[in-house]
Structure formats: C-alpha cells, structure tokens
file structure_29.cif (mmCIF, C-alpha atoms)
data_work
#
loop_
_atom_site.label_atom_id
_atom_site.label_comp_id
_atom_site.auth_asym_id
_atom_site.auth_seq_id
_atom_site.Cartn_x
_atom_site.Cartn_y
_atom_site.Cartn_z
CA MET A 1 16.19 -36.62 10.26
CA ALA A 2 14.59 -39.72 8.86
CA ASP A 3 11.12 -38.64 9.92
CA GLN A 4 11.17 -35.35 7.99
CA PRO A 5 8.86 -35.27 4.94
CA THR A 6 10.48 -35.45 1.49
CA ALA A 7 10.51 -32.56 -0.98
CA PHE A 8 7.52 -33.95 -2.89
CA GLU A 9 5.52 -34.54 0.29
CA ARG A 10 6.26 -30.98 1.41
CA PHE A 11 5.04 -29.63 -1.91
CA VAL A 12 1.78 -31.60 -1.92
CA GLN A 13 1.06 -30.98 1.76
CA GLY A 14 1.22 -27.23 1.28
CA ILE A 15 -1.52 -27.19 -1.36
CA LEU A 16 -4.41 -28.83 0.49
CA PRO A 17 -3.60 -31.19 3.39
CA GLU A 18 -1.67 -28.46 5.22
CA ASN A 19 -3.14 -25.46 3.43
CA PRO A 20 -1.80 -22.34 5.19
CA VAL A 21 -5.19 -20.62 5.40
CA TYR A 22 -7.73 -23.46 5.67
CA ARG A 23 -5.68 -25.88 7.75
CA GLN A 24 -3.04 -23.92 9.65
CA LEU A 25 -5.01 -20.64 9.86
CA LEU A 26 -1.85 -18.66 9.20
CA GLY A 27 -1.46 -15.43 7.28
CA LEU A 28 -5.06 -14.38 7.87
CA CYS A 29 -4.37 -10.64 7.87
CA PRO A 30 -3.75 -10.38 4.10
CA THR A 31 -6.37 -13.09 3.53
CA LEU A 32 -9.05 -10.91 5.07
CA ALA A 33 -7.73 -7.58 3.91
CA VAL A 34 -6.98 -7.91 0.21
CA SER A 35 -9.42 -10.59 -0.89
CA ASN A 36 -12.11 -8.18 -2.12
CA GLY A 37 -11.00 -8.60 -5.72
CA MET A 38 -9.06 -11.13 -7.76
CA LYS A 39 -6.40 -8.70 -8.95
CA PRO A 40 -5.19 -7.54 -5.51
CA ALA A 41 -5.53 -11.11 -4.20
CA LEU A 42 -3.30 -12.54 -6.91
CA THR A 43 -0.77 -9.72 -6.57
CA MET A 44 -0.61 -10.45 -2.86
CA ALA A 45 -0.30 -14.21 -3.49
CA CYS A 46 2.57 -13.65 -5.95
CA SER A 47 4.38 -11.30 -3.55
CA VAL A 48 4.03 -13.83 -0.72
CA ALA A 49 5.25 -16.60 -3.06
CA PHE A 50 8.35 -14.57 -3.95
CA VAL A 51 9.16 -13.71 -0.34
CA LEU A 52 8.46 -17.24 0.89
CA LEU A 53 10.63 -18.86 -1.77
CA CYS A 54 13.57 -16.48 -1.25
CA ALA A 55 13.35 -16.60 2.55
CA ASN A 56 13.13 -20.40 2.58
CA VAL A 57 16.09 -20.82 0.22
CA VAL A 58 18.31 -18.36 2.10
CA THR A 59 17.36 -19.84 5.49
CA SER A 60 18.05 -23.34 4.24
CA LEU A 61 21.47 -22.30 2.86
CA ILE A 62 22.59 -20.92 6.22
CA ARG A 63 20.76 -23.48 8.39
CA ASN A 64 24.00 -25.01 9.74
CA LEU A 65 25.28 -21.61 10.88
CA LEU A 66 22.13 -20.65 12.79
CA LYS A 67 22.39 -20.27 16.54
CA PRO A 68 19.17 -21.34 18.27
CA HIS A 69 18.74 -18.11 20.22
CA LEU A 70 19.43 -15.88 17.23
CA ARG A 71 17.43 -17.72 14.59
CA ILE A 72 14.28 -15.61 14.82
CA VAL A 73 16.33 -12.44 14.26
CA VAL A 74 17.89 -14.00 11.17
CA PHE A 75 14.49 -15.10 9.82
CA THR A 76 12.99 -11.66 10.34
CA LEU A 77 15.99 -9.94 8.75
CA THR A 78 15.78 -12.20 5.69
CA ILE A 79 12.04 -11.83 5.31
CA ALA A 80 12.14 -8.04 5.76
CA THR A 81 14.75 -7.73 3.02
CA PHE A 82 12.76 -9.62 0.43
CA VAL A 83 9.51 -7.90 1.40
CA THR A 84 11.17 -4.52 0.87
CA ILE A 85 12.40 -5.65 -2.54
CA ALA A 86 8.88 -6.82 -3.48
CA ASP A 87 7.39 -3.56 -2.19
CA ARG A 88 9.79 -1.35 -4.16
CA PHE A 89 9.33 -3.47 -7.25
CA LEU A 90 5.53 -3.11 -7.12
CA ALA A 91 5.82 0.64 -6.54
CA ALA A 92 8.05 0.93 -9.59
CA TYR A 93 6.21 -1.27 -12.07
CA LEU A 94 2.65 -1.70 -10.76
CA PHE A 95 2.16 1.72 -9.19
CA GLN A 96 -1.65 1.73 -8.95
CA MET A 97 -1.73 -1.82 -7.55
CA SER A 98 0.92 -0.84 -5.03
CA LYS A 99 -1.31 2.02 -3.89
CA THR A 100 -4.35 -0.28 -3.68
CA LEU A 101 -2.49 -2.78 -1.51
CA GLY A 102 -1.08 0.07 0.56
CA PRO A 103 0.44 -1.11 3.84
CA TYR A 104 -0.37 -4.79 3.25
CA ILE A 105 2.75 -5.49 1.20
CA PRO A 106 5.10 -4.19 3.94
CA LEU A 107 2.95 -6.17 6.39
CA ILE A 108 4.07 -9.45 4.74
CA ILE A 109 7.06 -9.12 7.08
CA VAL A 110 4.83 -10.11 9.98
CA ASN A 111 2.94 -12.78 8.05
CA CYS A 112 3.42 -15.78 10.32
CA LEU A 113 3.10 -18.17 7.40
CA ILE A 114 6.60 -17.27 6.20
CA ILE A 115 8.34 -17.35 9.56
CA CYS A 116 6.54 -20.64 10.26
CA ARG A 117 7.94 -22.25 7.11
CA CYS A 118 11.45 -20.99 7.92
CA GLU A 119 11.16 -22.49 11.37
CA VAL A 120 9.41 -25.75 10.49
CA CYS A 121 11.06 -26.67 7.23
CA ALA A 122 13.81 -24.42 5.86
CA SER A 123 15.96 -24.30 9.00
CA LYS A 124 16.03 -28.11 9.14
CA GLN A 125 15.96 -29.40 5.57
CA SER A 126 17.91 -29.12 2.30
CA VAL A 127 17.57 -26.24 -0.14
CA PHE A 128 15.60 -28.32 -2.62
CA THR A 129 13.10 -29.48 0.00
CA ALA A 130 12.80 -25.94 1.37
CA ALA A 131 12.13 -24.57 -2.11
CA SER A 132 9.43 -27.13 -2.91
CA ASP A 133 7.89 -26.53 0.52
CA ALA A 134 7.78 -22.79 -0.29
CA LEU A 135 6.18 -23.45 -3.67
CA GLY A 136 3.57 -25.79 -2.20
CA GLN A 137 2.66 -23.44 0.63
CA ALA A 138 2.59 -20.44 -1.74
CA LEU A 139 0.30 -22.33 -4.10
CA GLY A 140 -1.96 -23.27 -1.20
CA PHE A 141 -2.02 -19.65 -0.01
CA GLY A 142 -2.78 -18.45 -3.55
CA LEU A 143 -5.62 -20.96 -3.88
CA ALA A 144 -7.13 -19.95 -0.55
CA LEU A 145 -6.87 -16.24 -1.35
CA SER A 146 -8.39 -16.63 -4.81
CA SER A 147 -11.24 -18.82 -3.54
CA ILE A 148 -12.23 -16.12 -1.05
CA ALA A 149 -11.66 -13.34 -3.58
CA THR A 150 -13.81 -15.13 -6.18
CA VAL A 151 -16.78 -15.31 -3.83
CA ARG A 152 -16.35 -11.74 -2.59
CA GLU A 153 -15.78 -10.11 -5.96
CA ILE A 154 -18.62 -11.92 -7.73
CA PHE A 155 -21.23 -11.31 -5.02
CA GLY A 156 -19.94 -7.89 -4.03
CA THR A 157 -19.53 -6.30 -7.45
CA GLY A 158 -20.96 -8.81 -9.94
CA MET A 159 -17.57 -8.86 -11.60
CA PHE A 160 -14.64 -11.24 -11.89
CA PHE A 161 -11.16 -9.85 -12.58
CA GLY A 162 -12.95 -6.54 -13.18
CA ILE A 163 -15.04 -8.06 -16.00
CA ARG A 164 -18.86 -8.05 -15.64
CA LEU A 165 -20.04 -11.60 -14.92
CA LEU A 166 -23.50 -11.28 -13.40
CA PRO A 167 -26.23 -9.33 -15.24
CA SER A 168 -26.32 -5.65 -14.36
CA ALA A 169 -29.67 -6.27 -12.62
CA TRP A 170 -27.64 -7.96 -9.86
CA PRO A 171 -27.91 -5.87 -6.70
CA ASP A 172 -24.27 -5.70 -5.58
CA TRP A 173 -23.91 -7.02 -2.07
CA VAL A 174 -21.64 -4.21 -0.94
CA ILE A 175 -21.06 -5.91 2.40
CA MET A 176 -19.07 -8.61 0.61
CA VAL A 177 -16.31 -6.20 -0.43
CA LEU A 178 -16.27 -4.59 3.02
CA PRO A 179 -14.45 -6.15 6.00
CA PRO A 180 -17.49 -8.07 7.34
CA GLY A 181 -17.75 -9.84 3.97
CA ALA A 182 -14.21 -11.11 4.42
CA PHE A 183 -14.99 -12.66 7.80
CA ILE A 184 -18.29 -14.16 6.61
CA THR A 185 -16.74 -15.66 3.48
CA LEU A 186 -13.70 -17.02 5.30
CA GLY A 187 -15.92 -18.56 7.98
CA LEU A 188 -18.24 -20.23 5.48
CA LEU A 189 -15.43 -21.55 3.28
CA LEU A 190 -13.52 -22.77 6.34
CA GLY A 191 -16.65 -24.61 7.45
CA LEU A 192 -17.05 -26.09 3.98
CA VAL A 193 -13.45 -27.33 3.89
CA ASN A 194 -13.82 -28.88 7.36
CA TRP A 195 -17.14 -30.49 6.39
CA ILE A 196 -15.60 -32.04 3.27
CA GLY A 197 -12.74 -33.30 5.45
CA ILE A 198 -15.14 -34.92 7.93
CA VAL A 199 -17.25 -36.55 5.20
CA LYS A 200 -14.10 -37.91 3.55
CA SER A 201 -12.72 -39.38 6.76
CA ARG A 202 -16.09 -40.96 7.60
CA ARG A 203 -16.16 -42.61 4.19
CA SER A 204 -12.68 -44.01 4.59
CA VAL A 205 -13.66 -45.39 8.01
CA ASN A 206 -16.76 -47.06 6.54
CA ASP A 207 -14.68 -48.61 3.77
CA MET B 208 41.20 -16.78 25.86
CA GLU B 209 39.71 -18.16 22.66
CA SER B 210 36.56 -19.35 24.36
CA SER B 211 36.06 -15.98 26.05
CA ILE B 212 36.04 -14.27 22.62
CA LYS B 213 33.61 -16.85 21.32
CA ASN B 214 31.27 -16.16 24.19
CA THR B 215 30.99 -12.43 23.60
CA ASN B 216 27.68 -11.19 22.29
CA LEU B 217 29.35 -9.57 19.31
CA PHE B 218 31.00 -12.79 18.18
CA GLN B 219 27.82 -14.77 18.59
CA ALA B 220 26.00 -12.33 16.36
CA TRP B 221 28.50 -12.48 13.49
CA LEU B 222 25.96 -14.08 11.16
CA VAL B 223 23.34 -11.47 11.97
CA LEU B 224 25.85 -8.66 11.40
CA LEU B 225 27.07 -10.19 8.14
CA LEU B 226 23.55 -10.74 6.84
CA ALA B 227 22.51 -7.23 7.84
CA THR B 228 25.43 -5.81 5.84
CA VAL B 229 24.74 -7.97 2.79
CA PHE B 230 21.00 -7.29 2.86
CA GLY B 231 21.56 -3.59 3.49
CA THR B 232 23.81 -3.35 0.45
CA THR B 233 21.29 -5.26 -1.67
CA LEU B 234 18.48 -2.93 -0.61
CA ALA B 235 20.62 0.11 -1.33
CA GLY B 236 21.19 -1.30 -4.82
CA VAL B 237 17.47 -1.93 -5.34
CA GLN B 238 16.63 1.59 -4.15
CA THR B 239 19.22 3.16 -6.48
CA LYS B 240 17.79 1.24 -9.40
CA LEU B 241 14.06 1.59 -8.68
CA GLY B 242 13.96 4.89 -6.78
CA PRO B 243 13.95 7.09 -9.92
CA VAL B 244 11.20 4.93 -11.52
CA ILE B 245 9.02 5.28 -8.41
CA GLU B 246 9.62 9.06 -8.32
CA ALA B 247 8.65 9.28 -12.01
CA ASN B 248 5.45 7.34 -11.26
CA LYS B 249 4.58 9.83 -8.51
CA ILE B 250 5.23 12.85 -10.75
CA ASN B 251 3.10 11.30 -13.51
CA GLU B 252 0.26 10.80 -11.07
CA THR B 253 0.53 14.41 -9.90
CA MET B 254 0.46 15.70 -13.48
CA GLU B 255 -2.59 13.57 -14.29
CA LYS B 256 -4.48 14.90 -11.28
CA ILE B 257 -3.85 18.61 -11.84
CA PRO B 258 -6.68 19.27 -14.36
CA THR B 259 -9.26 17.59 -12.09
CA LEU B 260 -7.97 19.39 -9.02
CA THR B 261 -8.15 22.85 -10.56
CA LEU B 262 -11.19 22.58 -12.83
CA GLY B 263 -13.25 19.86 -11.19
CA GLU B 264 -13.94 16.44 -12.63
CA ALA B 265 -16.64 17.30 -15.18
CA GLN B 266 -14.81 20.28 -16.61
CA ALA B 267 -11.50 18.39 -16.79
CA GLU B 268 -13.11 15.50 -18.67
CA LYS B 269 -14.75 17.90 -21.07
CA MET B 270 -11.41 19.52 -21.81
CA THR B 271 -9.74 16.17 -22.46
CA GLU B 272 -12.57 15.21 -24.82
CA GLN B 273 -12.08 18.42 -26.76
CA GLY B 274 -8.40 17.61 -26.98
CA ASN B 275 -7.41 20.61 -24.90
CA ALA B 276 -4.87 20.33 -22.16
CA LEU B 277 -3.73 22.72 -19.47
CA VAL B 278 -0.24 24.08 -19.56
CA ILE B 279 1.38 23.10 -16.29
CA GLU B 280 4.45 24.83 -14.91
CA PRO B 281 6.02 23.74 -11.66
CA ARG B 282 7.77 26.20 -9.39
CA LEU B 283 9.21 26.17 -5.91
CA ILE B 284 7.93 28.53 -3.23
CA GLU B 285 10.22 29.26 -0.33
CA ILE B 286 8.72 30.15 3.02
CA SER B 287 10.63 31.14 6.09
CA LYS B 288 8.69 30.61 9.28
CA ASN B 289 10.25 31.10 12.71
CA GLY B 290 13.62 31.11 11.05
CA ILE B 291 13.05 27.72 9.42
CA LYS B 292 12.97 27.55 5.65
CA LYS B 293 10.25 25.47 4.03
CA PHE B 294 9.68 24.65 0.40
CA TYR B 295 6.44 23.99 -1.44
CA THR B 296 6.17 22.67 -4.97
CA VAL B 297 3.39 24.54 -6.70
CA TYR B 298 2.06 23.77 -10.15
CA ASP B 299 0.61 26.73 -12.04
CA ALA B 300 -2.07 25.60 -14.46
CA TYR B 301 -2.79 27.84 -17.45
CA TYR B 302 -5.31 27.56 -20.25
CA LYS B 303 -3.83 27.58 -23.74
CA ASP B 304 -4.54 31.31 -24.13
CA GLY B 305 -2.41 32.07 -21.11
CA THR B 306 -5.14 32.84 -18.55
CA ARG B 307 -4.67 31.13 -15.24
CA ALA B 308 -6.84 28.11 -14.46
CA GLY B 309 -5.64 27.61 -10.90
CA PHE B 310 -2.90 26.31 -8.68
CA VAL B 311 -2.04 22.92 -7.29
CA ALA B 312 0.23 22.79 -4.27
CA LYS B 313 1.98 19.70 -3.02
CA ALA B 314 2.15 19.53 0.75
CA SER B 315 2.93 17.02 3.42
CA GLY B 316 2.66 16.66 7.16
CA GLN B 317 2.53 14.17 9.96
CA GLY B 318 -0.50 11.90 10.02
CA TYR B 319 -1.52 9.38 12.66
CA ALA B 320 0.82 6.66 11.41
CA ASP B 321 3.24 8.27 9.02
CA LYS B 322 3.72 11.24 6.73
CA ILE B 323 0.69 12.21 4.65
CA GLU B 324 1.40 13.69 1.23
CA LEU B 325 -1.35 15.50 -0.60
CA LEU B 326 -2.22 17.77 -3.52
CA LEU B 327 -4.35 20.84 -2.90
CA GLY B 328 -6.09 22.59 -5.77
CA LEU B 329 -6.98 26.30 -5.60
CA ASP B 330 -8.80 28.46 -8.10
CA ALA B 331 -7.18 31.24 -10.15
CA ASP B 332 -7.21 33.86 -7.37
CA ALA B 333 -6.46 31.31 -4.63
CA SER B 334 -9.68 32.15 -2.83
CA THR B 335 -11.48 28.79 -3.08
CA ILE B 336 -10.38 25.19 -2.70
CA THR B 337 -11.07 23.35 -5.93
CA GLY B 338 -9.71 19.93 -5.13
CA LEU B 339 -7.89 17.66 -2.72
CA PHE B 340 -6.10 14.42 -3.46
CA ILE B 341 -4.07 12.23 -1.11
CA LEU B 342 -0.89 11.06 -2.81
CA ASP B 343 0.60 8.95 -0.05
CA GLN B 344 -0.53 7.82 3.37
CA LYS B 345 -0.10 4.88 5.69
CA GLU B 346 -3.05 5.52 8.01
CA THR B 347 -4.85 2.64 9.72
CA PRO B 348 -6.57 0.51 7.08
CA GLY B 349 -10.34 0.66 7.43
CA LEU B 350 -10.30 3.76 9.63
CA GLY B 351 -7.77 6.49 8.94
CA ASN B 352 -7.20 5.52 5.35
CA LYS B 353 -10.77 6.55 4.59
CA VAL B 354 -9.38 10.06 4.12
CA ILE B 355 -8.44 8.97 0.59
CA GLU B 356 -12.10 8.36 -0.28
CA LYS B 357 -13.70 10.78 -2.65
CA HIS B 358 -16.82 11.53 -0.62
CA TRP B 359 -14.69 12.58 2.36
CA ARG B 360 -12.31 14.68 0.27
CA ASP B 361 -15.24 16.35 -1.50
CA GLN B 362 -16.08 18.18 1.75
CA PHE B 363 -13.14 20.44 0.98
CA LEU B 364 -14.53 21.46 -2.40
CA ASN B 365 -15.64 25.09 -2.72
CA GLN B 366 -14.51 25.95 0.80
CA SER B 367 -13.18 29.47 0.92
CA SER B 368 -9.52 29.84 1.75
CA ASP B 369 -9.84 33.05 3.81
CA LYS B 370 -10.30 31.23 7.12
CA GLY B 371 -8.93 27.98 8.52
CA LEU B 372 -11.08 24.86 8.29
CA VAL B 373 -12.30 23.19 11.45
CA VAL B 374 -12.81 19.46 11.99
CA VAL B 375 -16.11 18.57 13.66
CA LYS B 376 -17.38 15.18 14.82
CA GLY B 377 -20.24 13.78 12.80
CA LYS B 378 -21.58 15.60 9.81
CA SER B 379 -20.25 19.01 8.88
CA GLU B 380 -22.80 21.80 8.95
CA GLY B 381 -22.14 24.95 7.09
CA SER B 382 -18.95 26.34 5.68
CA HIS B 383 -15.45 25.95 7.12
CA GLU B 384 -16.41 22.67 8.70
CA ILE B 385 -15.07 19.24 7.84
CA GLY B 386 -16.80 16.16 9.27
CA ALA B 387 -14.23 13.79 10.75
CA VAL B 388 -14.01 10.20 9.56
CA SER B 389 -15.63 8.33 12.45
CA GLY B 390 -12.97 6.54 14.46
CA ALA B 391 -10.21 8.52 12.80
CA THR B 392 -10.33 12.03 14.20
CA ILE B 393 -6.54 12.32 14.23
CA SER B 394 -6.17 11.41 10.57
CA SER B 395 -8.96 13.84 9.66
CA LYS B 396 -7.37 16.61 11.71
CA SER B 397 -3.97 15.89 10.17
CA VAL B 398 -5.23 16.29 6.62
CA THR B 399 -7.23 19.42 7.50
CA GLY B 400 -4.21 20.78 9.35
CA ILE B 401 -1.96 20.29 6.34
CA VAL B 402 -4.52 22.04 4.13
CA ASN B 403 -4.85 25.01 6.54
CA ARG B 404 -1.11 25.33 6.97
CA THR B 405 -0.43 25.16 3.24
CA ILE B 406 -2.99 27.88 2.52
CA ALA B 407 -1.67 30.08 5.33
CA ASP B 408 1.91 29.60 4.15
CA ILE B 409 1.62 30.17 0.45
CA LYS B 410 -1.64 31.96 -0.31
CA HIS B 411 -0.14 35.44 -0.42
CA GLN B 412 2.76 34.20 -2.52
CA LEU B 413 0.42 32.60 -5.04
CA ILE B 414 -1.53 35.72 -5.89
CA LEU B 415 1.57 37.88 -5.99
CA PRO B 416 4.09 35.66 -7.68
CA PRO B 417 7.67 36.90 -7.46
CA VAL B 418 8.11 38.95 -10.59
CA SER B 419 10.86 37.37 -12.61
CA GLU B 420 11.95 38.10 -16.16
CA ASN B 421 9.79 35.25 -17.44
CA ASP B 422 6.65 36.57 -15.78
CA LYS B 423 7.22 40.05 -17.15
CA ILE B 424 7.34 38.70 -20.66
CA LYS B 425 4.15 36.76 -20.05
CA GLU B 426 2.35 39.81 -18.73
CA ASN B 427 3.41 41.94 -21.69
CA LYS B 428 1.89 39.40 -24.02
#
call {"tool": "encode", "arguments": {"input": "structure_29.cif", "output": "structure tokens"}}
result
Amino acid sequence: MADQPTAFERFVQGILPENPVYRQLLGLCPTLAVSNGMKPALTMACSVAFVLLCANVVTSLIRNLLKPHLRIVVFTLTIATFVTIADRFLAAYLFQMSKTLGPYIPLIIVNCLIICRCEVCASKQSVFTAASDALGQALGFGLALSSIATVREIFGTGMFFGIRLLPSAWPDWVIMVLPPGAFITLGLLLGLVNWIGIVKSRRSVND
Amino acid sequence: MESSIKNTNLFQAWLVLLLATVFGTTLAGVQTKLGPVIEANKINETMEKIPTLTLGEAQAEKMTEQGNALVIEPRLIEISKNGIKKFYTVYDAYYKDGTRAGFVAKASGQGYADKIELLLGLDADASTITGLFILDQKETPGLGNKVIEKHWRDQFLNQSSDKGLVVVKGKSEGSHEIGAVSGATISSKSVTGIVNRTIADIKHQLILPPVSENDKIKENK
C-alpha cells in the first residue's frame, strides 16, 4: 500500500483539494437543506464530524475482518448506530435544534460522504490515518456548509448567527432561505471555487 | 466438513451479527439514559404551549407579562371504540380563581410518512378550536412538513367543533374548511383527520368530566 496517502496528506486533502462538497460533490442533501442559517449548518457539520470520525475509526479497526461482499452492510450498520446516538443526543440536550433539523439528522445515515470515506480510506488504512482523514473531510464539509450558510443567512435575513448584521432597511431576500436559494448559492460558490482553481492552474503553467 | 461450515451464509456473516449485537446493546444503553430526558423535553414543550393554545397568543403573552399563569392539570380520558380502548391525555387549564380557561388534548395519528403528534386547544365549553400545534412529525421536508407552519395551522382557529372539518384544495372558503398544503394533500388530511377524530372521541367527555371526589370539592368551592 505504498501509494496510499499519509495521515497528514489525508487531513489536508479533505479541507480544500478534495473538499467533500466543492470537489467531490458528496453529501449535498444536508448541504442544500440545512444551510439557511449558521446555527443549523454548524450543528449539522458537528453531527457529521462525530459520525464520520466514529465510523472511520471503527471501520479501520475491523478492516482486516471485512469480507468484500459484506462490507457495505458493515459500513451502513456502523454509520446508522452513530447517527442514532447523535440524533438521540441532540433530542435530549438541544431539543429545539433537533426539531429544526427534523429528519435531516437521521438522514446522515445515507450521506454518501461517510460511506465514501469508509470505503476509500478507513477500510484500507490504519486507525490514525482514518481518523485524520475523517477530521480533514469533516472540516472541509463544515467549511463548505458554513460558506453557503453565511451567504444565505446574510442575504436572506440580514442576520448572522441570529444577530442583526445588515441595517434593518435591508429588504430580506426571502428566496435565499428557501430551497431555490440553496441551489443558486451552491451553484455560484461551486463556480467560484472552480474558477479560482482554473486561474491557479493557469498561473502555475505560465510560471 | 470444516470448509462446509465456513461456507455457510451464517458463518460468513459472523462479523455482521456480532456488530449488530454490540451496536444494538449500545443503542439500548443510550436510549435508557437519554429517553427520560427527551420525554421531559417533550412534556416541557407541551406545558409551555398550553396557555397559547387555550387563550391565543396575545392573551397568553399578556397573562405572562402580568405574572399570571394558568393552573394546568393533566388527566387521562379513556375511550372505548369498537371494543378497542384508546387513551387521550387532556390538560385542563384553569385561571387562578378556578374558572376554566380551556382544554388541550394531545392526539396522534398516522401521517404520510410517520406518526403525527399534535396538541389541540379547545375553549372552556369545548365548542370552538382555540389552537393547534404539531409536536412531532416526519412529513416530507418542503411539502408535508409545512403543516407545522403557523399560517397553515391558524386556519383551525375559531372553527366550531360541532361538525367535522373538511380539507379542500386551494384556499378554504367559509367555515369548516381547511385549505390543503399544495402538494401535500395527504399530510393536510391526516392532521385534519386527527383533529376531527379527537373532537369526536372526547368532546362529550370534556364537558361532562367524570365526577370524582376531587371535582366535587372543586365545585363546592
């Protein structure tokens, strides 16, 4: 396995070069659904981070026992367990937030970002590498979610983290907090990230 | 012989079975620990909603400002329908002087996706709906879950409870009509159905509460 990335490379790759939302286009359901405010976005990012870290560590620990044709069942079982724990925990200690996020916390089970990391990294590499991969990817996911949520919350409600940012004369662009706003913002930011990537690569070619 | 055991499906799945057992036990532990906290959260939410559901938002706020609170007493109403026993939790809300402010009934029923749990507020003689609040639902996000929105729920306000409510497509016109959430007729019908059923089941029991020793004392006062 000489060609597998090291723990540090995994961590760094997850943040920007292989960002789950902007580069791999994974986990878009929560990205579109709960990015209308910073608070739900960060709660979702933290829940995904918890599930991703636990699932990656457990998968990596049992990677030598996995049978190829049963691995997906094992991944799903592991992920579902930690998602249920996260869901119950939110319902117990952050009740209102748990109601706001509604079905999207249980839906982390089918977030392909997590199963992708189990498959790509955790089922092949050591626990330490799997854990740093999870942290990097979770950080990247958190960054992507908060960048979209920042745009949507500020333009849609004039607020940031529920605190008034724009003057009250600002006509709230309600569409930004509605589903179309999610698609528009994601599309524009995705375009921006790609554009920056192209400009960068052109520069390096010219050099 | 050994290889034939190893090739059975059951043996191949030993890891899955083991993990399922371990995870199942863990989840049972989590549920035992957090279940009561979650239940307490739900009861707190119900208690907080009762003044608004019986008196309306403005009146409830006014009362809180004046430092007055309703006295809330929960009771269980037993209904037997077609030989099946059903239970409703009903909260009686009283003003401080003992006069009745209204009732709040907790009811649930099947929605489009999963069980819908709601609170229904009725006035002191159970003749008018004074409030509706959805406690728990897992309807389709963006469509069915619009039933939790205030402007949809407000259609139920001041509807009389003597006749069942009917769901209509588009805007409701006149009394006893509830405009369906567009694209979510089933969710709308589910909520309306739960409301109708709850009223039909318990209305007569609300106005004529079973006379117990406690009630007699209250009436004598």
call {"tool": "interface_residues", "arguments": {"input": "structure_29.cif", "of": "chain A", "to": "chain B", "cutoff": "10 Å", "atoms": "all atoms listed in the file", "output": "ChimeraX atom specification"}}
result
/A:33,62,65-67,69-71,73-75,77-78,80-82,84-85,88-96,99,102-104,178-179
call {"tool": "atom_distance", "arguments": {"input": "structure_29.cif", "atom1": "atom CA of A:Met176", "atom2": "atom CA of A:Gly156"}}
result
4.8 Å
call {"tool": "residues_near_point", "arguments": {"input": "structure_29.cif", "point": "(11.8, -23.8, 5.6)", "cutoff": "8 Å", "atoms": "all atoms listed in the file", "output": "number ranges by chain"}}
result
A: 55-57, 59-60, 116-125, 130-131, 133-134
call {"tool": "axis_aligned_box", "arguments": {"input": "structure_29.cif", "around": "stretch 73-84 of chain A", "padding_each_side": "5 Å", "output": "lines of an AutoDock Vina configuration file"}}
result
center_x = 13.7
center_y = -9.8
center_z = 7.3
size_x = 18.4
size_y = 20.6
size_z = 23.8
call {"tool": "residues_around", "arguments": {"input": "structure_29.cif", "residues": "A:Leu101", "least_positions_apart": "4", "cutoff": "10 Å", "atoms": "only C-alpha atoms", "output": "CSV table (one decimal) with C-alpha atoms, in the frame of the given file"}}
result
chain,number,residue,atom,x,y,z
A,30,PRO,CA,-3.8,-10.4,4.1
A,33,ALA,CA,-7.7,-7.6,3.9
A,34,VAL,CA,-7.0,-7.9,0.2
A,40,PRO,CA,-5.2,-7.5,-5.5
A,41,ALA,CA,-5.5,-11.1,-4.2
A,43,THR,CA,-0.8,-9.7,-6.6
A,44,MET,CA,-0.6,-10.4,-2.9
A,87,ASP,CA,7.4,-3.6,-2.2
A,90,LEU,CA,5.5,-3.1,-7.1
A,96,GLN,CA,-1.6,1.7,-9.0
A,97,MET,CA,-1.7,-1.8,-7.6
A,105,ILE,CA,2.8,-5.5,1.2
A,106,PRO,CA,5.1,-4.2,3.9
call {"tool": "resolve_selection", "arguments": {"input": "structure_29.cif", "expression": "the PyMOL selection byres ((chain B and resi 319) around 10)", "output": "short mmCIF file (atom, residue, chain, number, x, y, z; two decimals) with C-alpha atoms, in the coordinates of the input"}}
result
data_model
loop_
_atom_site.label_atom_id
_atom_site.label_comp_id
_atom_site.auth_asym_id
_atom_site.auth_seq_id
_atom_site.Cartn_x
_atom_site.Cartn_y
_atom_site.Cartn_z
CA GLN B 317 2.53 14.17 9.96
CA GLY B 318 -0.50 11.90 10.02
CA ALA B 320 0.82 6.66 11.41
CA ASP B 321 3.24 8.27 9.02
CA LYS B 322 3.72 11.24 6.73
CA ILE B 323 0.69 12.21 4.65
CA GLN B 344 -0.53 7.82 3.37
CA LYS B 345 -0.10 4.88 5.69
CA GLU B 346 -3.05 5.52 8.01
CA THR B 347 -4.85 2.64 9.72
CA GLY B 351 -7.77 6.49 8.94
CA ALA B 391 -10.21 8.52 12.80
CA THR B 392 -10.33 12.03 14.20
CA ILE B 393 -6.54 12.32 14.23
CA SER B 394 -6.17 11.41 10.57
CA SER B 395 -8.96 13.84 9.66
CA LYS B 396 -7.37 16.61 11.71
CA SER B 397 -3.97 15.89 10.17
CA VAL B 398 -5.23 16.29 6.62
#
